[in-house]
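S.K.: So that we are looking at the same thing, I have put the structure below in structure tokens.
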Number of protein chains: 2
Amino acid sequence: MTIGTNGNKISDATVRRLSKYYRSLKYAYDRGMRTISSQELADMNGLTAAQVRKDLSFFGAFGRRGLGYYVADLQRNIARILGINKTWNVALVGAGNIGRALIDYDQFRQQGFLIKLVLDNDPNKVGNIYHGIEVKDFANADEEIRKNKIRVAIIAVPSQFAQGVVDKMVESKVRAFLNFAPITVQVPDGVFVRNENMAIELEALSFALTNRREPRRTIGQ
Amino acid sequence: MTIGTNGNKISDATVRRLSKYYRSLKYAYDRGMRTISSQELADMNGLTAAQVRKDLSFFGAFGRRGLGYYVADLQRNIARILGINKTWNVALVGAGNIGRALIDYDQFRQQGFLIKLVLDNDPNKVGNIYHGIEVKDFANADEEIRKNKIRVAIIAVPSQFAQGVVDKMVESKVRAFLNFAPITVQVPDGVFVRNENMAIELEALSFALTNRREPRRTIGQ
């Protein structure tokens, strides 16, 4: 939770929706729209206009009656709020299948998350070059993290190594982790972790297929 | 939204938490716990005990005062509700970097999502074998989908092909899509889509790093 400009708490769900609005605004701008209504933003994301207005009011962004929001302004404001108006140097730990796919993941780059460092402890991988980045030895993590000014890391190592990797990187002042290992890692105060588990999205689908009773159903996100 | 046994609507956020409880229960059971309290389940997931009790009450699962829930029973119930008490045959479309990583993603298999069919339209990929599965030509999608009894598909193709792929698979009676392409695909009533965008999790982290003002902060999921 964070405190917004209007003094209210900003929930994680709101932050997720901001990421979606940002994408909708980019889509709208690319198609020549210069203003957008809360209803249009709502329709693009399967939400109500009231929800959109409430989310945006956290940041002091208020549309004008009959005009809506200026697309470019709102996009810029949301980028600033999300911290994606700048680039972040990111380390990736674990050059296995998932890790190697992520090195080349367009969406990271487009949002300003630049993978500058790839670490592994497997002698068969250290020194290899994947998508133009040489794999460095995790034994030298501290030095490499400082050299590359890394504050954000993606963890794509087997479960049993995840906590140890995170502990070591916290010591090297990494402050945020996107964790692909199927385990909950512990971090001290002031350090942030998000767990990415792609099976959870499939479970939402199997839930929907298993429990459908009505003809029409939309799954929110 | 779906209607629970108590007549209330089950939100997407509840479904997500059920997936987490399921993992916590598995973890607890593997460590010898046979009963678990709502407080313990809450602590494992950064939630309140009231939230856990509310989520579980949707499905008529009520813990007993001083005893809590039977771990194995609750796990079995949640698996049934999520539709993961059986296996699902899954098709993967797009044998690029992300697609090939997903073929071998343990978490899918463990939750009963079995990738039985890999489709691509690239002549350089059709016929190749990745993690034991031969890539089939998307031109034969309809036949392969029927043969492999596929109802769920993972879309890992470039954005501009995603809608066409989904349209064709909907005709072949695929009813649920996990979409990795960074575009919103349209589906008819009764068909479900989840969009997986791994950058959104990184944005939640950059938001946290950008907006931290208090010494202690936890990001919910």
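We label chains A, B, ... in the order they appear in the structure tokens, count residues from 1 in each chain, and number ligands from 1 in the order shown.
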Restrict the calculation to only C-alpha atoms, then for each residue of chain A with any atom at most 8 Å from an atom of chain B give the closest atom pair and their distance in Å to one decimal, rows by chain and rising residue number, as JSON lines.

M.R.:
{"residue": "A:Met1", "atom": "CA", "partner": "B:Ile219", "partner_atom": "CA", "distance": 6.9}
{"residue": "A:Thr2", "atom": "CA", "partner": "B:Asn211", "partner_atom": "CA", "distance": 7.0}
{"residue": "A:Asp12", "atom": "CA", "partner": "B:Gly220", "partner_atom": "CA", "distance": 6.1}
{"residue": "A:Val15", "atom": "CA", "partner": "B:Ala204", "partner_atom": "CA", "distance": 6.5}
{"residue": "A:Arg16", "atom": "CA", "partner": "B:Ile200", "partner_atom": "CA", "distance": 6.9}
{"residue": "A:Ser19", "atom": "CA", "partner": "B:Ile200", "partner_atom": "CA", "distance": 6.3}
{"residue": "A:Ile81", "atom": "CA", "partner": "B:Phe207", "partner_atom": "CA", "distance": 6.6}
{"residue": "A:Leu82", "atom": "CA", "partner": "B:Phe207", "partner_atom": "CA", "distance": 4.3}
{"residue": "A:Gly83", "atom": "CA", "partner": "B:Ser206", "partner_atom": "CA", "distance": 5.3}
{"residue": "A:Ile84", "atom": "CA", "partner": "B:Ser206", "partner_atom": "CA", "distance": 7.0}
{"residue": "A:Asn97", "atom": "CA", "partner": "B:Ala101", "partner_atom": "CA", "distance": 4.9}
{"residue": "A:Ile98", "atom": "CA", "partner": "B:Ala101", "partner_atom": "CA", "distance": 5.1}
{"residue": "A:Arg100", "atom": "CA", "partner": "B:Asn97", "partner_atom": "CA", "distance": 7.7}
{"residue": "A:Ala101", "atom": "CA", "partner": "B:Asn97", "partner_atom": "CA", "distance": 4.9}
{"residue": "A:Leu102", "atom": "CA", "partner": "B:Ile98", "partner_atom": "CA", "distance": 7.4}
{"residue": "A:Asp104", "atom": "CA", "partner": "B:Asn97", "partner_atom": "CA", "distance": 7.8}
{"residue": "A:Tyr105", "atom": "CA", "partner": "B:Ile98", "partner_atom": "CA", "distance": 7.9}
{"residue": "A:Gln107", "atom": "CA", "partner": "B:Ala199", "partner_atom": "CA", "distance": 5.9}
{"residue": "A:Phe108", "atom": "CA", "partner": "B:Ala199", "partner_atom": "CA", "distance": 5.3}
{"residue": "A:Gln111", "atom": "CA", "partner": "B:Ala199", "partner_atom": "CA", "distance": 7.2}
{"residue": "A:Phe113", "atom": "CA", "partner": "B:Leu202", "partner_atom": "CA", "distance": 7.9}
{"residue": "A:Arg175", "atom": "CA", "partner": "B:Leu209", "partner_atom": "CA", "distance": 7.7}
{"residue": "A:Ala176", "atom": "CA", "partner": "B:Leu205", "partner_atom": "CA", "distance": 6.2}
{"residue": "A:Phe177", "atom": "CA", "partner": "B:Leu205", "partner_atom": "CA", "distance": 7.6}
{"residue": "A:Leu178", "atom": "CA", "partner": "B:Leu202", "partner_atom": "CA", "distance": 6.6}
{"residue": "A:Pro182", "atom": "CA", "partner": "B:Gln107", "partner_atom": "CA", "distance": 7.6}
{"residue": "A:Asp189", "atom": "CA", "partner": "B:Arg216", "partner_atom": "CA", "distance": 5.1}
{"residue": "A:Gly190", "atom": "CA", "partner": "B:Arg216", "partner_atom": "CA", "distance": 5.5}
{"residue": "A:Val191", "atom": "CA", "partner": "B:Arg217", "partner_atom": "CA", "distance": 7.9}
{"residue": "A:Phe192", "atom": "CA", "partner": "B:Leu205", "partner_atom": "CA", "distance": 6.7}
{"residue": "A:Val193", "atom": "CA", "partner": "B:Ile219", "partner_atom": "CA", "distance": 7.3}
{"residue": "A:Arg194", "atom": "CA", "partner": "B:Glu201", "partner_atom": "CA", "distance": 6.5}
{"residue": "A:Glu196", "atom": "CA", "partner": "B:Glu201", "partner_atom": "CA", "distance": 7.4}
{"residue": "A:Asn197", "atom": "CA", "partner": "B:Gln107", "partner_atom": "CA", "distance": 7.7}
{"residue": "A:Met198", "atom": "CA", "partner": "B:Glu196", "partner_atom": "CA", "distance": 7.5}
{"residue": "A:Ala199", "atom": "CA", "partner": "B:Phe108", "partner_atom": "CA", "distance": 5.3}
{"residue": "A:Ile200", "atom": "CA", "partner": "B:Ser19", "partner_atom": "CA", "distance": 6.3}
{"residue": "A:Glu201", "atom": "CA", "partner": "B:Arg194", "partner_atom": "CA", "distance": 6.5}
{"residue": "A:Leu202", "atom": "CA", "partner": "B:Leu178", "partner_atom": "CA", "distance": 6.6}
{"residue": "A:Glu203", "atom": "CA", "partner": "B:Leu82", "partner_atom": "CA", "distance": 6.2}
{"residue": "A:Ala204", "atom": "CA", "partner": "B:Val15", "partner_atom": "CA", "distance": 6.5}
{"residue": "A:Leu205", "atom": "CA", "partner": "B:Ala176", "partner_atom": "CA", "distance": 6.2}
{"residue": "A:Ser206", "atom": "CA", "partner": "B:Gly83", "partner_atom": "CA", "distance": 5.3}
{"residue": "A:Phe207", "atom": "CA", "partner": "B:Leu82", "partner_atom": "CA", "distance": 4.3}
{"residue": "A:Ala208", "atom": "CA", "partner": "B:Phe192", "partner_atom": "CA", "distance": 7.3}
{"residue": "A:Leu209", "atom": "CA", "partner": "B:Ala176", "partner_atom": "CA", "distance": 7.5}
{"residue": "A:Thr210", "atom": "CA", "partner": "B:Gly83", "partner_atom": "CA", "distance": 5.5}
{"residue": "A:Asn211", "atom": "CA", "partner": "B:Thr2", "partner_atom": "CA", "distance": 7.0}
{"residue": "A:Arg212", "atom": "CA", "partner": "B:Thr2", "partner_atom": "CA", "distance": 7.2}
{"residue": "A:Arg213", "atom": "CA", "partner": "B:Thr2", "partner_atom": "CA", "distance": 7.9}
{"residue": "A:Pro215", "atom": "CA", "partner": "B:Gly190", "partner_atom": "CA", "distance": 5.9}
{"residue": "A:Arg216", "atom": "CA", "partner": "B:Asp189", "partner_atom": "CA", "distance": 5.1}
{"residue": "A:Arg217", "atom": "CA", "partner": "B:Gly190", "partner_atom": "CA", "distance": 6.2}
{"residue": "A:Thr218", "atom": "CA", "partner": "B:Phe192", "partner_atom": "CA", "distance": 6.9}
{"residue": "A:Ile219", "atom": "CA", "partner": "B:Asp12", "partner_atom": "CA", "distance": 6.9}
{"residue": "A:Gly220", "atom": "CA", "partner": "B:Asp12", "partner_atom": "CA", "distance": 6.1}
{"residue": "A:Gln221", "atom": "CA", "partner": "B:Asp12", "partner_atom": "CA", "distance": 6.8}

S.K.: Restricting the calculation to only C-alpha atoms, which member of A:Ile115, A:Leu56, A:Ile150, A:Leu92 is positioned closest to A:Phe138?

M.R.: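 Checking each candidate against A:Phe138, we get A:Leu92 as the closest.
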
S.K.: Could you tell me, as a VMD selection string, which residues of stretch 48-190 of chain A DSSP assigns to strand (DSSP E) when given the backbone?

M.R.: chain A and resid 69 to 70 88 to 93 113 to 120 129 to 130 133 to 137 152 to 155 176 to 179

S.K.: Given the selection you just returned, output its residues as a file containing C-alpha atoms, formatted as an mmCIF file, in the first residue's frame.

M.R.:
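Heads up, here's the output in again_14.cif:
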data_model
loop_
_atom_site.group_PDB
_atom_site.id
_atom_site.type_symbol
_atom_site.label_atom_id
_atom_site.label_comp_id
_atom_site.auth_asym_id
_atom_site.auth_seq_id
_atom_site.Cartn_x
_atom_site.Cartn_y
_atom_site.Cartn_z
ATOM 1 C CA TYR A 69 -8.510 13.037 -20.355
ATOM 2 C CA TYR A 70 -5.704 14.181 -22.611
ATOM 3 C CA TRP A 88 15.893 0.221 -14.865
ATOM 4 C CA ASN A 89 18.975 -1.958 -15.079
ATOM 5 C CA VAL A 90 17.898 -5.497 -14.357
ATOM 6 C CA ALA A 91 19.880 -8.642 -13.498
ATOM 7 C CA LEU A 92 18.613 -12.057 -14.498
ATOM 8 C CA VAL A 93 19.738 -15.011 -12.404
ATOM 9 C CA PHE A 113 13.450 -2.802 -17.940
ATOM 10 C CA LEU A 114 16.835 -3.524 -19.494
ATOM 11 C CA ILE A 115 18.494 -6.829 -18.710
ATOM 12 C CA LYS A 116 22.122 -5.761 -18.321
ATOM 13 C CA LEU A 117 23.480 -8.727 -16.409
ATOM 14 C CA VAL A 118 22.881 -12.480 -16.581
ATOM 15 C CA LEU A 119 24.243 -14.653 -13.760
ATOM 16 C CA ASP A 120 24.456 -18.411 -13.377
ATOM 17 C CA ILE A 129 26.324 -15.465 -24.878
ATOM 18 C CA TYR A 130 22.530 -15.414 -25.102
ATOM 19 C CA ILE A 133 24.620 -10.894 -23.199
ATOM 20 C CA GLU A 134 27.461 -12.918 -21.703
ATOM 21 C CA VAL A 135 26.571 -15.085 -18.700
ATOM 22 C CA LYS A 136 28.673 -14.133 -15.657
ATOM 23 C CA ASP A 137 29.548 -16.352 -12.711
ATOM 24 C CA VAL A 152 16.017 -5.028 -9.749
ATOM 25 C CA ALA A 153 16.572 -8.752 -10.339
ATOM 26 C CA ILE A 154 14.642 -11.546 -11.990
ATOM 27 C CA ILE A 155 15.074 -14.922 -10.297
ATOM 28 C CA ALA A 176 13.261 -5.618 -5.916
ATOM 29 C CA PHE A 177 12.845 -9.179 -7.159
ATOM 30 C CA LEU A 178 10.606 -10.765 -9.740
ATOM 31 C CA ASN A 179 10.643 -14.399 -8.676
#

S.K.: Choose the residue, out of B:Val185, B:Val71, B:Ala139, B:Ala61, that has the smallest atom-to-atom separation from B:Leu41; count only C-alpha atoms.

M.R.: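 Result for the nearest residue to B:Leu41: B:Val71.
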
S.K.: Near stretch 30-38 of chain A, within 12 Å and counting only C-alpha atoms, which residues show up once chain neighbours fewer than 6 positions away are dropped, as a PyMOL selection string?

M.R.: chain A and resi 21+23-24+44-57+61-75

S.K.: Enumerate as an MDAnalysis selection string all residues of stretch 7-92 of chain B assigned to helix (DSSP H, G or I) by DSSP on the backbone, naming them with the chain letters and numbers the document uses.

M.R.: chainID B and resid 12:30 38:45 49:57 71:82

S.K.: Take the selection from the previous step and output its residues with C-alpha atoms, as a PDB file, in the first residue's frame.

M.R.:
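Resulting contents of part-v7.pdb:
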ATOM      1  CA  ASP B  12     -11.247 -13.077  -9.816  1.00  0.00           C
ATOM      2  CA  ALA B  13      -9.161 -11.996  -6.820  1.00  0.00           C
ATOM      3  CA  THR B  14     -10.721 -14.807  -4.779  1.00  0.00           C
ATOM      4  CA  VAL B  15      -9.849 -17.342  -7.477  1.00  0.00           C
ATOM      5  CA  ARG B  16      -6.247 -16.100  -7.421  1.00  0.00           C
ATOM      6  CA  ARG B  17      -6.105 -16.500  -3.651  1.00  0.00           C
ATOM      7  CA  LEU B  18      -7.532 -20.018  -3.904  1.00  0.00           C
ATOM      8  CA  SER B  19      -4.565 -20.901  -6.137  1.00  0.00           C
ATOM      9  CA  LYS B  20      -2.277 -19.607  -3.400  1.00  0.00           C
ATOM     10  CA  TYR B  21      -4.058 -21.433  -0.601  1.00  0.00           C
ATOM     11  CA  TYR B  22      -3.759 -24.597  -2.637  1.00  0.00           C
ATOM     12  CA  ARG B  23       0.027 -24.153  -2.784  1.00  0.00           C
ATOM     13  CA  SER B  24       0.233 -23.319   0.918  1.00  0.00           C
ATOM     14  CA  LEU B  25      -1.751 -26.442   1.798  1.00  0.00           C
ATOM     15  CA  LYS B  26       0.526 -28.600  -0.336  1.00  0.00           C
ATOM     16  CA  TYR B  27       3.551 -27.034   1.387  1.00  0.00           C
ATOM     17  CA  ALA B  28       1.994 -27.609   4.823  1.00  0.00           C
ATOM     18  CA  TYR B  29       1.019 -31.196   4.062  1.00  0.00           C
ATOM     19  CA  ASP B  30       4.497 -32.020   2.741  1.00  0.00           C
ATOM     20  CA  SER B  38      -7.142 -19.577   8.961  1.00  0.00           C
ATOM     21  CA  GLN B  39      -4.482 -17.494  10.741  1.00  0.00           C
ATOM     22  CA  GLU B  40      -1.711 -19.827   9.564  1.00  0.00           C
ATOM     23  CA  LEU B  41      -3.013 -19.775   5.985  1.00  0.00           C
ATOM     24  CA  ALA B  42      -3.264 -15.990   6.228  1.00  0.00           C
ATOM     25  CA  ASP B  43       0.316 -15.639   7.525  1.00  0.00           C
ATOM     26  CA  MET B  44       1.640 -17.799   4.691  1.00  0.00           C
ATOM     27  CA  ASN B  45       0.049 -15.458   2.151  1.00  0.00           C
ATOM     28  CA  ALA B  49      -7.503 -14.564   8.815  1.00  0.00           C
ATOM     29  CA  ALA B  50     -10.884 -12.912   8.135  1.00  0.00           C
ATOM     30  CA  GLN B  51     -10.074 -12.754   4.408  1.00  0.00           C
ATOM     31  CA  VAL B  52      -9.119 -16.443   4.352  1.00  0.00           C
ATOM     32  CA  ARG B  53     -12.308 -17.457   6.174  1.00  0.00           C
ATOM     33  CA  LYS B  54     -14.401 -15.342   3.818  1.00  0.00           C
ATOM     34  CA  ASP B  55     -12.768 -16.808   0.701  1.00  0.00           C
ATOM     35  CA  LEU B  56     -13.205 -20.371   1.892  1.00  0.00           C
ATOM     36  CA  SER B  57     -16.792 -19.828   3.037  1.00  0.00           C
ATOM     37  CA  VAL B  71      -5.224 -29.845   5.276  1.00  0.00           C
ATOM     38  CA  ALA B  72      -5.861 -32.759   2.901  1.00  0.00           C
ATOM     39  CA  ASP B  73      -9.627 -32.154   2.745  1.00  0.00           C
ATOM     40  CA  LEU B  74      -9.265 -28.470   2.060  1.00  0.00           C
ATOM     41  CA  GLN B  75      -6.606 -29.072  -0.567  1.00  0.00           C
ATOM     42  CA  ARG B  76      -8.834 -31.593  -2.322  1.00  0.00           C
ATOM     43  CA  ASN B  77     -11.814 -29.234  -2.201  1.00  0.00           C
ATOM     44  CA  ILE B  78      -9.867 -26.338  -3.648  1.00  0.00           C
ATOM     45  CA  ALA B  79      -8.466 -28.568  -6.405  1.00  0.00           C
ATOM     46  CA  ARG B  80     -12.006 -29.556  -7.336  1.00  0.00           C
ATOM     47  CA  ILE B  81     -13.205 -25.943  -7.331  1.00  0.00           C
ATOM     48  CA  LEU B  82     -10.293 -24.813  -9.488  1.00  0.00           C
TER      49      LEU B  82
END

S.K.: Between atom CA of B:Lys149 and atom CA of B:Pro123, what is the distance in Å, rounded to a tenth?

M.R.: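 Atom CA of B:Lys149 sits 24.5 Å away from atom CA of B:Pro123.
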